[in-house]
Every structure is written in structure tokens, then in C-alpha cells.
file data.cif (mmCIF, C-alpha atoms)
data_coords
#
loop_
_atom_site.label_atom_id
_atom_site.label_comp_id
_atom_site.auth_asym_id
_atom_site.auth_seq_id
_atom_site.Cartn_x
_atom_site.Cartn_y
_atom_site.Cartn_z
CA MET A 3 136.09 198.48 138.62
CA ARG A 4 136.64 194.85 137.64
CA ASP A 5 138.92 192.81 139.87
CA THR A 6 141.41 191.67 137.19
CA GLU A 7 143.54 189.82 139.73
CA SER A 8 140.74 187.58 140.99
CA PRO A 9 140.78 183.87 140.14
CA ARG A 10 137.94 182.71 137.81
CA THR A 11 135.85 179.60 137.67
CA GLY A 12 134.97 180.17 134.03
CA PRO A 13 135.91 182.59 131.22
CA GLY A 14 135.35 186.14 132.45
CA ALA A 15 133.77 185.17 135.83
CA PRO A 16 135.14 187.54 138.57
CA ARG A 17 135.27 186.70 142.25
CA ALA A 18 132.92 189.52 143.25
CA ARG A 19 130.02 188.04 141.23
CA LEU A 20 130.61 184.57 142.67
CA ALA A 21 130.79 185.93 146.19
CA GLY A 22 127.42 187.64 145.70
CA CYS A 23 125.92 184.38 144.55
CA ALA A 24 127.37 182.57 147.52
CA LEU A 25 125.80 185.04 149.97
CA LEU A 26 122.40 184.71 148.30
CA VAL A 27 122.61 180.94 148.36
CA ALA A 28 123.51 181.01 152.06
CA ALA A 29 120.53 183.22 152.83
CA LEU A 30 117.89 181.79 150.50
CA GLY A 31 119.08 178.26 149.70
CA ALA A 32 119.92 176.64 146.38
CA GLY A 33 118.25 177.58 143.09
CA VAL A 34 118.45 181.38 143.36
CA THR A 35 117.49 183.15 140.11
CA GLY A 36 120.58 184.26 138.17
CA CYS A 37 123.00 181.75 139.71
CA SER A 38 123.45 178.04 139.14
CA SER A 39 123.51 175.57 141.99
CA ASP A 40 127.28 175.30 141.85
CA GLY A 41 127.87 179.05 141.46
CA SER A 42 129.39 178.72 137.96
CA PRO A 43 127.96 180.90 135.16
CA LEU A 44 128.92 178.19 132.65
CA SER A 45 126.31 175.84 134.12
CA ALA A 46 123.49 178.40 133.89
CA GLU A 47 120.72 178.07 131.30
CA PRO A 48 121.77 179.81 128.04
CA TYR A 49 120.25 183.24 127.54
CA ASP A 50 118.72 184.43 124.26
CA ALA A 51 121.61 185.87 122.24
CA ALA A 52 119.40 187.48 119.56
CA ASP A 53 120.50 191.00 120.53
CA GLN A 54 124.15 190.03 120.74
CA ILE A 55 124.66 188.80 117.16
CA SER A 56 123.64 189.78 113.63
CA PHE A 57 123.33 187.78 110.41
CA SER A 58 124.38 188.79 106.93
CA GLY A 59 122.11 189.87 104.12
CA SER A 60 118.41 189.15 104.20
CA LEU A 61 118.47 186.59 107.02
CA ASP A 62 117.42 189.20 109.57
CA GLU A 63 114.51 190.20 107.32
CA GLY A 64 113.16 186.69 106.93
CA LYS A 65 113.58 186.69 103.16
CA PRO A 66 115.26 183.88 101.17
CA ALA A 67 119.02 184.20 101.34
CA ASP A 68 121.14 184.63 98.25
CA PRO A 69 122.88 181.25 97.72
CA ASP A 70 125.65 182.99 95.80
CA LYS A 71 126.78 184.95 98.86
CA PRO A 72 128.52 183.60 101.97
CA LEU A 73 126.76 183.40 105.33
CA GLU A 74 128.24 185.76 107.92
CA ILE A 75 127.47 186.03 111.63
CA THR A 76 128.87 188.91 113.67
CA ALA A 77 129.05 189.56 117.43
CA GLU A 78 127.48 193.01 117.92
CA ASP A 79 128.21 193.28 121.64
CA SER A 80 131.84 194.24 122.25
CA ASP A 81 131.66 192.55 125.67
CA GLY A 82 130.58 189.19 124.20
CA ARG A 83 131.83 186.74 121.63
CA ILE A 84 130.76 183.84 119.42
CA THR A 85 132.01 180.47 120.65
CA ASP A 86 130.52 178.04 118.13
CA VAL A 87 128.38 177.93 114.98
CA VAL A 88 126.71 174.86 113.48
CA VAL A 89 124.83 175.15 110.16
CA VAL A 90 122.99 172.11 108.76
CA ASP A 91 120.58 171.80 105.85
CA ALA A 92 117.45 169.65 105.76
CA SER A 93 119.34 166.69 104.30
CA GLY A 94 121.96 166.73 107.06
CA ARG A 95 124.77 168.42 105.13
CA HIS A 96 126.96 170.65 107.28
CA LEU A 97 128.07 174.04 105.99
CA ALA A 98 131.77 174.52 106.65
CA GLY A 99 132.88 177.82 108.18
CA GLU A 100 135.61 179.69 109.99
CA LEU A 101 135.41 181.48 113.36
CA ALA A 102 137.68 184.44 114.08
CA ALA A 103 140.14 183.89 116.93
CA ASP A 104 138.52 186.64 119.02
CA GLY A 105 135.01 185.28 118.42
CA SER A 106 133.89 188.48 116.69
CA ARG A 107 132.85 186.90 113.38
CA TRP A 108 132.01 183.59 111.70
CA HIS A 109 131.73 183.12 107.93
CA SER A 110 130.99 180.15 105.69
CA THR A 111 133.85 178.74 103.65
CA THR A 112 131.76 176.56 101.33
CA ALA A 113 128.83 177.60 99.18
CA LEU A 114 125.22 177.48 100.27
CA ALA A 115 122.92 175.19 98.33
CA ALA A 116 120.16 176.84 96.32
CA SER A 117 116.49 176.32 97.21
CA ALA A 118 117.46 174.71 100.53
CA GLU A 119 116.45 175.09 104.17
CA TYR A 120 119.14 175.60 106.82
CA THR A 121 119.17 175.61 110.61
CA VAL A 122 121.82 177.77 112.31
CA ARG A 123 122.79 177.21 115.94
CA VAL A 124 124.99 179.96 117.36
CA SER A 125 126.60 179.72 120.81
CA THR A 126 127.95 182.83 122.55
CA GLU A 127 129.19 184.01 125.93
CA ASP A 128 129.03 187.42 127.59
CA GLU A 129 131.75 189.24 129.49
CA ASP A 130 130.97 187.22 132.63
CA GLY A 131 131.20 183.90 130.82
CA ARG A 132 127.45 183.22 130.75
CA PRO A 133 126.46 181.10 127.74
CA GLY A 134 124.03 182.42 125.14
CA ARG A 135 122.28 180.73 122.27
CA LYS A 136 120.42 181.66 119.10
CA VAL A 137 118.72 179.21 116.74
CA LEU A 138 117.61 180.46 113.34
CA THR A 139 116.04 178.71 110.37
CA PHE A 140 116.27 180.22 106.89
CA THR A 141 115.84 179.23 103.27
CA THR A 142 117.92 180.05 100.23
CA GLY A 143 116.51 181.35 96.98
CA LYS A 144 116.86 180.04 93.48
CA PRO A 145 120.26 180.46 91.81
CA GLY A 146 120.80 182.79 88.91
CA ALA A 147 121.03 181.39 85.40
CA ALA A 148 123.74 178.75 85.55
CA LYS A 149 124.77 175.48 83.98
CA ARG A 150 124.24 172.28 85.93
CA LEU A 151 127.19 170.06 86.74
CA GLY A 152 126.17 166.44 86.46
CA VAL A 153 128.23 163.55 87.81
CA THR A 154 128.11 159.97 86.55
CA PHE A 155 129.88 157.31 88.63
CA GLY A 156 131.48 154.14 87.35
CA PRO A 157 131.89 151.26 86.98
CA GLU A 158 128.39 149.78 86.91
CA ALA A 159 127.06 148.30 90.12
CA GLY A 160 128.40 144.79 90.73
CA THR A 161 131.27 142.81 92.22
CA TYR A 162 134.85 143.60 91.18
CA GLY A 163 138.42 142.81 92.08
CA VAL A 164 140.31 144.77 94.73
CA GLY A 165 142.10 146.87 92.10
CA GLN A 166 139.00 148.51 90.62
CA PRO A 167 139.19 152.34 90.74
CA LEU A 168 136.07 154.47 91.00
CA VAL A 169 135.42 156.95 88.19
CA ALA A 170 133.49 160.24 88.29
CA GLU A 171 132.59 161.69 84.88
CA LEU A 172 131.56 165.39 84.91
CA SER A 173 129.12 166.89 82.43
CA GLU A 174 131.08 170.17 82.31
CA PRO A 175 134.84 170.86 82.45
CA VAL A 176 136.22 172.16 85.75
CA LYS A 177 139.70 173.71 85.49
CA ASP A 178 140.02 176.16 88.39
CA PRO A 179 141.69 174.54 91.47
CA ALA A 180 139.27 176.22 93.89
CA GLN A 181 136.28 174.94 91.92
CA ARG A 182 137.84 171.48 91.76
CA ALA A 183 138.11 171.55 95.54
CA VAL A 184 134.36 172.27 95.77
CA VAL A 185 133.66 169.30 93.51
CA GLU A 186 135.90 166.96 95.50
CA ARG A 187 134.33 167.94 98.80
CA GLY A 188 130.97 166.98 97.35
CA LEU A 189 132.03 163.53 96.14
CA LYS A 190 131.77 161.16 99.08
CA VAL A 191 133.25 157.65 99.20
CA ASP A 192 132.53 155.27 102.07
CA SER A 193 133.73 151.70 102.37
CA THR A 194 133.27 148.87 104.81
CA PRO A 195 135.93 148.12 106.01
CA SER A 196 137.11 151.74 105.99
CA VAL A 197 140.10 152.79 103.85
CA SER A 198 142.19 155.90 103.22
CA GLY A 199 141.85 157.12 99.64
CA ALA A 200 141.82 160.18 97.38
CA TRP A 201 140.44 161.53 94.10
CA TYR A 202 142.79 162.26 91.20
CA TRP A 203 141.94 164.67 88.38
CA VAL A 204 142.71 162.72 85.21
CA ASP A 205 141.51 165.69 83.14
CA ASP A 206 139.00 168.55 83.39
CA LYS A 207 136.00 166.22 83.25
CA LYS A 208 137.18 162.97 84.83
CA LEU A 209 138.33 161.91 88.29
CA HIS A 210 139.53 158.54 89.56
CA PHE A 211 139.37 157.42 93.19
CA ARG A 212 141.56 154.72 94.69
CA PRO A 213 142.74 153.82 98.20
CA LYS A 214 146.36 154.10 99.24
CA GLU A 215 146.56 150.32 98.98
CA TYR A 216 144.26 147.91 97.16
CA TRP A 217 140.68 147.71 98.40
CA PRO A 218 140.07 145.16 101.15
CA ALA A 219 138.67 141.82 100.00
CA ASN A 220 134.90 141.41 100.30
CA ALA A 221 134.34 145.11 100.95
CA THR A 222 131.31 147.29 100.21
CA VAL A 223 132.10 150.62 98.55
CA ARG A 224 129.59 153.45 98.16
CA VAL A 225 130.08 156.70 96.27
CA ARG A 226 127.63 159.59 96.10
CA SER A 227 127.49 163.29 95.27
CA ASN A 228 126.40 166.05 97.68
CA LEU A 229 126.75 168.73 95.00
CA GLU A 230 123.07 169.25 94.17
CA GLY A 231 122.36 172.98 94.35
CA ILE A 232 125.92 173.82 95.44
CA LYS A 233 127.71 176.69 93.70
CA VAL A 234 130.81 175.39 91.93
CA GLY A 235 131.58 178.49 89.85
CA ASP A 236 129.98 181.81 88.97
CA ARG A 237 127.69 180.16 86.43
CA LEU A 238 127.93 176.52 87.47
CA ARG A 239 125.98 174.62 90.12
CA GLY A 240 125.88 170.98 91.07
CA ASP A 241 123.06 168.77 89.83
CA ALA A 242 121.54 165.63 91.30
CA ALA A 243 123.57 162.45 90.75
CA LYS A 244 122.77 158.76 91.07
CA PRO A 245 124.82 157.08 93.82
CA LEU A 246 126.72 153.86 93.21
CA THR A 247 127.49 150.80 95.32
CA ILE A 248 130.01 148.15 94.32
CA ARG A 249 131.52 145.21 96.17
CA THR A 250 134.89 143.56 96.03
CA GLY A 251 135.52 139.83 95.90
CA ASP A 252 138.62 137.93 96.93
CA ARG A 253 142.06 139.50 96.52
CA VAL A 254 143.19 137.84 93.27
CA ILE A 255 146.53 138.89 91.75
CA ALA A 256 148.58 137.39 88.91
CA VAL A 257 152.30 138.20 88.89
CA THR A 258 153.91 137.57 85.52
CA ASP A 259 157.71 137.35 85.53
CA ALA A 260 158.65 137.99 81.91
CA ALA A 261 162.27 136.92 82.46
CA ALA A 262 161.30 133.63 84.14
CA HIS A 263 158.36 133.02 81.73
CA GLN A 264 156.11 132.17 84.67
CA LEU A 265 152.78 133.54 85.88
CA THR A 266 151.93 133.01 89.56
CA VAL A 267 148.39 133.49 90.86
CA TYR A 268 147.73 134.51 94.46
CA LYS A 269 144.35 134.44 96.18
CA ASN A 270 144.04 136.33 99.46
CA GLY A 271 147.82 136.24 99.81
CA GLU A 272 148.28 132.52 99.15
CA GLU A 273 149.81 131.06 95.99
CA ILE A 274 147.24 128.89 94.22
CA LYS A 275 148.73 128.24 90.77
CA GLN A 276 151.84 128.62 88.59
CA ILE A 277 151.45 128.79 84.82
CA PRO A 278 154.19 128.68 82.17
CA VAL A 279 153.73 131.63 79.80
CA THR A 280 155.26 133.53 76.93
CA THR A 281 155.30 137.33 76.84
CA GLY A 282 156.30 139.98 74.29
CA LYS A 283 159.37 139.31 72.20
CA PRO A 284 162.03 141.98 71.41
CA GLY A 285 160.37 144.94 69.73
CA PHE A 286 156.96 143.96 71.14
CA GLU A 287 157.76 143.74 74.85
CA THR A 288 154.88 143.42 77.30
CA ARG A 289 154.30 146.49 79.45
CA ASN A 290 155.65 146.34 82.98
CA GLY A 291 153.58 147.35 85.97
CA VAL A 292 150.15 146.83 87.45
CA LYS A 293 147.14 146.44 85.17
CA VAL A 294 143.50 146.01 86.12
CA VAL A 295 141.36 143.44 84.31
CA LEU A 296 138.96 145.39 82.08
CA ALA A 297 136.83 142.68 80.47
CA LYS A 298 136.69 139.04 79.42
CA GLU A 299 136.01 137.75 75.89
CA ARG A 300 135.59 134.07 75.19
CA PHE A 301 136.49 134.69 71.57
CA VAL A 302 138.25 137.58 69.87
CA ARG A 303 139.79 137.93 66.42
CA MET A 304 143.27 139.43 66.70
CA ARG A 305 144.70 141.12 63.62
CA SER A 306 148.11 142.77 63.38
CA THR A 307 146.74 145.66 61.33
CA THR A 308 144.89 146.98 64.42
CA VAL A 309 148.23 147.64 66.14
CA GLY A 310 150.02 149.11 63.14
CA ILE A 311 151.66 145.99 61.69
CA ALA A 312 151.23 145.94 57.93
CA GLU A 313 149.30 143.04 56.44
CA GLY A 314 151.59 140.59 54.65
CA SER A 315 154.70 141.68 56.56
CA SER A 316 156.89 139.19 58.43
CA GLU A 317 155.18 140.13 61.75
CA SER A 318 151.58 140.18 60.51
CA TYR A 319 148.97 137.84 62.01
CA ASP A 320 145.24 137.13 61.90
CA LEU A 321 144.24 134.75 64.71
CA ASP A 322 141.10 133.42 66.37
CA VAL A 323 141.82 133.64 70.10
CA HIS A 324 139.89 132.01 72.94
CA PHE A 325 139.58 132.79 76.65
CA ALA A 326 140.93 136.32 76.31
CA THR A 327 141.18 138.42 79.48
CA ARG A 328 141.71 142.08 78.51
CA VAL A 329 144.06 144.33 80.50
CA THR A 330 144.54 147.30 78.11
CA TRP A 331 142.27 148.96 75.58
CA SER A 332 145.08 148.89 73.02
CA GLY A 333 144.84 145.11 72.84
CA GLU A 334 146.93 143.49 75.55
CA TYR A 335 145.35 140.27 76.86
CA VAL A 336 146.08 137.17 78.88
CA HIS A 337 144.82 134.47 76.48
CA ALA A 338 145.07 131.00 75.06
CA ALA A 339 147.97 130.60 72.64
CA PRO A 340 148.11 126.91 71.59
CA TRP A 341 150.49 127.78 68.73
CA SER A 342 153.25 128.78 71.20
CA VAL A 343 152.98 126.00 73.82
CA GLY A 344 156.50 124.84 73.00
CA SER A 345 157.89 128.26 73.98
CA GLN A 346 155.76 128.79 77.08
CA GLY A 347 157.97 128.66 80.16
CA TYR A 348 161.10 129.04 78.02
CA ALA A 349 160.99 132.02 75.65
CA ASN A 350 159.10 135.20 74.85
CA VAL A 351 157.60 135.00 71.37
CA SER A 352 154.31 136.98 71.49
CA HIS A 353 153.48 140.44 70.18
CA GLY A 354 152.89 141.78 73.70
CA CYS A 355 150.16 139.57 75.13
CA VAL A 356 150.66 136.94 77.83
CA GLY A 357 150.08 133.58 76.16
CA MET A 358 149.43 130.20 77.78
CA SER A 359 147.88 126.83 76.97
CA THR A 360 144.17 126.65 76.26
CA ALA A 361 143.47 124.73 79.48
CA ASN A 362 145.38 127.27 81.58
CA ALA A 363 143.75 130.18 79.76
CA GLU A 364 140.30 128.76 80.46
CA TRP A 365 141.18 128.38 84.16
CA PHE A 366 142.50 131.96 84.24
CA PHE A 367 139.38 133.22 82.45
CA ASP A 368 137.11 131.51 84.97
CA THR A 369 139.16 132.66 87.99
CA PHE A 370 139.61 136.35 87.21
CA ARG A 371 136.97 139.08 87.09
CA PRO A 372 137.10 142.79 86.13
CA GLY A 373 138.98 144.69 88.79
CA ASP A 374 141.40 141.84 89.53
CA LEU A 375 145.08 142.58 89.09
CA VAL A 376 147.76 141.48 86.64
CA GLU A 377 151.30 142.61 87.45
CA VAL A 378 154.13 142.25 84.97
CA VAL A 379 157.73 142.39 86.17
CA ASN A 380 161.16 141.99 84.60
CA SER A 381 160.05 142.85 81.08
CA GLU A 382 162.10 145.10 78.84
CA GLY A 383 158.94 147.00 77.96
CA ASP A 384 157.75 150.40 79.15
CA THR A 385 155.62 150.81 82.26
CA MET A 386 151.84 150.67 81.89
CA GLU A 387 150.38 154.13 81.31
CA PRO A 388 148.53 155.52 84.37
CA PHE A 389 145.50 156.61 82.31
CA GLY A 390 144.03 156.39 78.84
CA ASN A 391 144.77 152.75 78.07
CA GLY A 392 142.88 151.08 80.89
CA PHE A 393 143.50 151.39 84.60
CA GLY A 394 147.18 151.97 85.30
CA ASP A 395 146.29 153.92 88.43
CA TRP A 396 148.34 151.68 90.71
CA ASN A 397 151.55 152.60 88.87
CA VAL A 398 151.31 156.10 90.38
CA THR A 399 152.95 156.39 93.78
CA TRP A 400 150.68 157.48 96.63
CA ASP A 401 152.50 160.81 97.03
CA LYS A 402 152.06 161.54 93.30
CA TRP A 403 148.44 160.43 93.48
CA ARG A 404 147.71 162.92 96.26
CA GLU A 405 149.26 165.68 94.14
CA GLY A 406 146.45 165.08 91.65
CA SER A 407 143.82 166.02 94.25
CA ALA A 408 142.54 169.57 94.68
CA LEU A 409 142.33 168.94 98.44
CA THR A 410 145.73 167.38 99.13
CA GLY A 411 147.71 168.66 96.12
CA SER A 412 147.49 171.35 93.49
CA GLY A 413 144.36 170.03 91.87
CA LYS A 414 146.21 169.99 88.58
CA THR A 415 147.21 166.78 86.86
CA PRO A 416 150.82 166.23 87.98
CA ASP A 417 153.63 164.77 85.94
CA THR A 418 153.29 161.02 86.49
CA ALA A 419 156.73 160.15 85.23
CA GLN A 420 157.25 156.56 84.20
CA GLN A 421 158.93 154.40 86.79
CA ALA A 422 161.94 152.26 86.00
CA ALA A 423 161.16 149.59 83.44
CA ARG A 424 162.41 146.66 85.46
CA LEU A 425 160.12 146.07 88.43
CA ARG A 426 159.90 143.60 91.24
CA PRO A 427 156.69 141.89 92.35
CA ALA A 428 154.53 143.98 94.65
CA ALA A 429 153.05 142.59 97.82
CA VAL A 430 150.27 140.12 97.11
#
call {"tool": "encode", "arguments": {"input": "data.cif", "output": "C-alpha cells"}}
result
Amino acid sequence: MRDTESPRTGPGAPRARLAGCALLVAALGAGVTGCSSDGSPLSAEPYDAADQISFSGSLDEGKPADPDKPLEITAEDSDGRITDVVVVDASGRHLAGELAADGSRWHSTTALAASAEYTVRVSTEDEDGRPGRKVLTFTTGKPGAAKRLGVTFGPEAGTYGVGQPLVAELSEPVKDPAQRAVVERGLKVDSTPSVSGAWYWVDDKKLHFRPKEYWPANATVRVRSNLEGIKVGDRLRGDAAKPLTIRTGDRVIAVTDAAAHQLTVYKNGEEIKQIPVTTGKPGFETRNGVKVVLAKERFVRMRSTTVGIAEGSSESYDLDVHFATRVTWSGEYVHAAPWSVGSQGYANVSHGCVGMSTANAEWFFDTFRPGDLVEVVNSEGDTMEPFGNGFGDWNVTWDKWREGSALTGSGKTPDTAQQAARLRPAAV
């Protein structure tokens, strides 16, 4: 009968066994077979646990495993249990899994990759607390007929401002929240310095990634996909994807106060220039909120008909514009406006753009790059749209942003309600 009242030096190690070891050590000296030098079964060499555990499916038969089925490992011996399982493929990807509280079973919680080689390391212990080990290598077979999910990352490689979001474009729509979670787990973002960030499902085929705060200045950001061969859905598997590396430059932010008719530029937190400006007049108010510079055009022809103003009407225009820094796809720019210099710093007379003198516009054009930030405050206009008209990602609160992730929220696109129209400058 087991002495259930005896103290133990390790899980399941009764006093009687330790006493026997102690007597043998006293008689024969250290290093007796079956006992460690300190008398603890936990410090003994692991035994071969092959007879104590079983693997699911064809793993025991040495045949390729079905990548569409989970990996399961079961403790066959009722007097032993599984203590740890590590599964890694040839490229170093770990297979996530869950171990039952009683150590009787472990099963994978993410899909196996197809046509891959895995190494499984299983740790066990017997009723006396002695450690066991089993190492197994297996391969997975080819998947059944399925579509391939490609991922294309953006923007292009290069140097950007600290407001630049990352974009992942999918070749196939993914609607199911569980499948979205598989996709997100496979999209890896690393930055130096490190940041906290999350993906947001803009729609079924597009995700944006941004940190909680702006990217650090002079950072290196890498994004890659680990989805190749991974089962996303019943008939959908991940395909290979080209990784992307971008860098950030200085932290450059322009804060435009529409009520004060002034634009203030900050570089790495320090004010470097104030510029008198004019913004959108009544009926054409400039959008409030944070916008990300999209592109720069030294010359652009601006026509009122492209924004729905009839040609020949009192508000129509057809202008040659220089040093135009674009912040929305619908046509909002920071640009040279020599025709309104008399109003700059005093009144809002534009059709929604931020206008300034030619000299100031050229300086702005040369100072700002894509990914830099333009914030508009104290306008009577609506708030910049989060998506669809450029990058309004920073107008979504962090809590709302996390709701758009399949890992931290529902995985469905949440209601990004417009914030109040009148804003105050954010930290620069």
C-alpha cells in the first residue's frame, strides 16, 4: 500500500522509495542504478516514454499525417501523465496546442502545414515522478484540392513617416472570425524599437496594422507571412508571400488650426516653423482629424468638376497648382495658393485644401514625405474617414481599433463612429 501521508521530494515520490535509495547509497556509494545522486527521481535521466503515450492518426504508422486533422497525443498509462509538448516544423514555426489539466491529453489548436516536417518533443512523468521523454519526427501530406490565399504587403519598401500604416491585401475573401484569427496569427510584424500594435480588418480582403501610438522615429519595421501551407478554411490554404521591410524617418507632424489660420510644424517634438494658411470656407470645410501624407505632386491641375461643382457655377475653378502634398484620395492637399495670400492667416477661403504661399508650400513639400502626419483641428468640417479616402487610421481610438482584430476583438469591422468635429491638437 502506498504511504499517502509521507512527505515527497517531487511529484508522486513516496518516502519508502527514497528510503530504499538511501540504504543502497549507504551500502554501495553514490551512482547506484535507478537512483540519482541526490535521491530525487526528478533529477534522474528521462526514460523512454514510447509505451506511455500514443499519437493520433497515421503518426504511429510512419505515414504522412493528414494536415487537415489536428495532432493529438494521449497518455496511455493511467499512472502517468504528459507534462509538456513542443512541436516545431523545419522552418522553426511552433504549433500551438492545449494540454489537459490532468495531463491525459494534448491537442493542437492551430492547423498543421501541408508538405512539412515536424519534430515533436513530449515530456511525461510516471506515478513516482520520474521524468520520461519521447521525440518523434513526422511529415505531413499534401492538402486536398484548395484555393491558395496569397498576401501582398504594402506600402513599397522605403522610408516613411511615423504615421504610415502597414497594409495586407488578401487574394481571397476571409469572412469567418475563426479563419480571420488563423490569418492574423500568421501575419508577423516586428519593429526595432519594439512597439505594441494590432491588425484591423478593413474588409474581407484587406487588413491594416498600426501601433497604439505612432511608430518610433528612425525605426525598422518588418512584416512577413507564416501562412504558407497552413489551413485557413476547409478549401483554403495559405500561400507563400514576399516579406516587406520599411523604415521610418523623423517624427514630422503639421498641426493646422483652422480657426487660427495657422499651421505649425513639429519635428521630433520641437516646433520648427509656423505658416499662415487658409482652409475650407463655409460649405467646403476642411476635414478635422489626423491624415497621413499619401503622395507629393510638384504640379497638379485642380478642376471643380472632379468634386461635383458644376463648370461655370459661382464656385467653379480650374487651377494649375504647384507643390501639392496629397492627404486624401478625394483631392485634399496642402499646396501653394498664391491667389489667396491676402487671406492666409486671416480667413478661410479655400474649397477644402490647406493653402499657403508658394515659398511656404515649397518648404512644406521638401520637408514632408509619405507617412508624415497632418492634423487639422478646430474646423467645422467632418472628421477624416478612417478608411477608403486615404489613411484615417489614427482617428480610430485604440480600443475601437482592437475591436477590429480577430485576436483581440470580434474580427468583424466595428462601427467606427465619427468623433466630435471640433478637435484639439494631439501630442506631437
call {"tool": "closest_residue", "arguments": {"input": "data.cif", "among": "A:Thr76, A:Thr258, A:Ser315, A:Gln346", "to": "A:Arg289", "atoms": "all atoms listed in the file"}}
result
A:Thr258
call {"tool": "resolve_selection", "arguments": {"input": "data.cif", "expression": "the PyMOL selection byres ((chain A and resi 293) around 7)", "output": "ChimeraX atom specification"}}
result
/A:291-292,294-295,329,375-377,393-394
call {"tool": "closest_residue", "arguments": {"input": "data.cif", "among": "A:Lys65, A:His210, A:Arg182, A:His263", "to": "A:Gly347", "atoms": "all atoms listed in the file"}}
result
A:His263
call {"tool": "atom_distance", "arguments": {"input": "data.cif", "atom1": "atom CA of A:Asn350", "atom2": "atom CA of A:Thr280"}}
result
4.7 Å
call {"tool": "atom_distance", "arguments": {"input": "data.cif", "atom1": "atom CA of A:Trp403", "atom2": "atom CA of A:Val164"}}
result
17.7 Å
call {"tool": "atom_distance", "arguments": {"input": "data.cif", "atom1": "atom CA of A:Ala183", "atom2": "atom CA of A:Ala408"}}
result
4.9 Å
call {"tool": "resolve_selection", "arguments": {"input": "data.cif", "expression": "the PyMOL selection byres ((chain A and resi 351) around 6)", "output": "list of chain:residue names"}}
result
A:Gly282, A:Lys283, A:Asn350, A:Ser352
call {"tool": "residues_around", "arguments": {"input": "data.cif", "residues": "stretch 103-112 of chain A", "least_positions_apart": "6", "cutoff": "8 Å", "atoms": "all atoms listed in the file", "output": "MDAnalysis selection string"}}
result
chainID A and resid 72:78 83:85 87 97 184
call {"tool": "resolve_selection", "arguments": {"input": "data.cif", "expression": "the PyMOL selection byres ((chain A and resi 202) around 7)", "output": "JSON, numbers by chain"}}
result
{"A": [200, 201, 203, 204, 209, 210, 211, 403, 406, 407]}
call {"tool": "closest_residue", "arguments": {"input": "data.cif", "among": "A:Ala170, A:Val124, A:Val379, A:Ala115", "to": "A:Leu101", "atoms": "only C-alpha atoms"}}
result
A:Val124
call {"tool": "residues_around", "arguments": {"input": "data.cif", "residues": "A:Arg224", "least_positions_apart": "2", "cutoff": "6 Å", "atoms": "only C-alpha atoms", "output": "PyMOL selection string"}}
result
chain A and resi 191-192+246-247
call {"tool": "closest_residue", "arguments": {"input": "data.cif", "among": "A:Asp205, A:Asp236, A:Glu287, A:Asp53", "to": "A:Cys355", "atoms": "all atoms listed in the file"}}
result
A:Glu287
call {"tool": "closest_residue", "arguments": {"input": "data.cif", "among": "A:Leu265, A:Ala256, A:Val343, A:Leu321", "to": "A:Thr369", "atoms": "all atoms listed in the file"}}
result
A:Ala256
call {"tool": "decode", "arguments": {"input": "data.cif", "residues": "stretch 135-146 of chain A", "atoms": "N, CA, C and O atoms", "output": "CSV table (one decimal), in the first residue's frame"}}
result
chain,number,residue,atom,x,y,z
A,135,ARG,N,10.5,10.8,-21.7
A,135,ARG,CA,10.6,11.7,-22.9
A,135,ARG,C,10.5,10.8,-24.1
A,135,ARG,O,10.9,9.7,-24.2
A,136,LYS,N,9.8,11.4,-25.1
A,136,LYS,CA,9.7,10.8,-26.4
A,136,LYS,C,9.8,11.9,-27.5
A,136,LYS,O,9.2,12.9,-27.4
A,137,VAL,N,10.7,11.6,-28.5
A,137,VAL,CA,10.9,12.6,-29.6
A,137,VAL,C,10.5,11.8,-30.8
A,137,VAL,O,11.0,10.7,-31.1
A,138,LEU,N,9.7,12.5,-31.6
A,138,LEU,CA,9.2,11.9,-32.9
A,138,LEU,C,9.3,12.9,-34.0
A,138,LEU,O,9.0,14.1,-33.8
A,139,THR,N,9.7,12.5,-35.1
A,139,THR,CA,9.7,13.3,-36.3
A,139,THR,C,8.7,12.7,-37.3
A,139,THR,O,8.6,11.5,-37.6
A,140,PHE,N,7.8,13.6,-37.9
A,140,PHE,CA,6.9,13.2,-38.9
A,140,PHE,C,6.7,14.2,-40.0
A,140,PHE,O,7.1,15.4,-39.8
A,141,THR,N,6.2,13.8,-41.1
A,141,THR,CA,5.9,14.7,-42.2
A,141,THR,C,4.4,14.7,-42.4
A,141,THR,O,3.6,13.8,-42.1
A,142,THR,N,3.9,15.8,-43.0
A,142,THR,CA,2.5,15.9,-43.4
A,142,THR,C,2.4,15.8,-44.9
A,142,THR,O,3.3,16.1,-45.7
A,143,GLY,N,1.2,15.3,-45.3
A,143,GLY,CA,1.0,15.0,-46.7
A,143,GLY,C,0.5,16.3,-47.4
A,143,GLY,O,0.5,17.4,-46.9
A,144,LYS,N,0.2,16.1,-48.7
A,144,LYS,CA,-0.3,17.2,-49.5
A,144,LYS,C,-1.7,17.5,-49.1
A,144,LYS,O,-2.5,16.6,-48.8
A,145,PRO,N,-2.1,18.8,-49.2
A,145,PRO,CA,-3.5,19.1,-48.9
A,145,PRO,C,-4.5,18.7,-50.0
A,145,PRO,O,-4.0,18.4,-51.1
A,146,GLY,N,-5.7,18.5,-49.7
A,146,GLY,CA,-6.7,18.3,-50.7
A,146,GLY,C,-6.8,19.5,-51.6
A,146,GLY,O,-6.2,20.5,-51.4
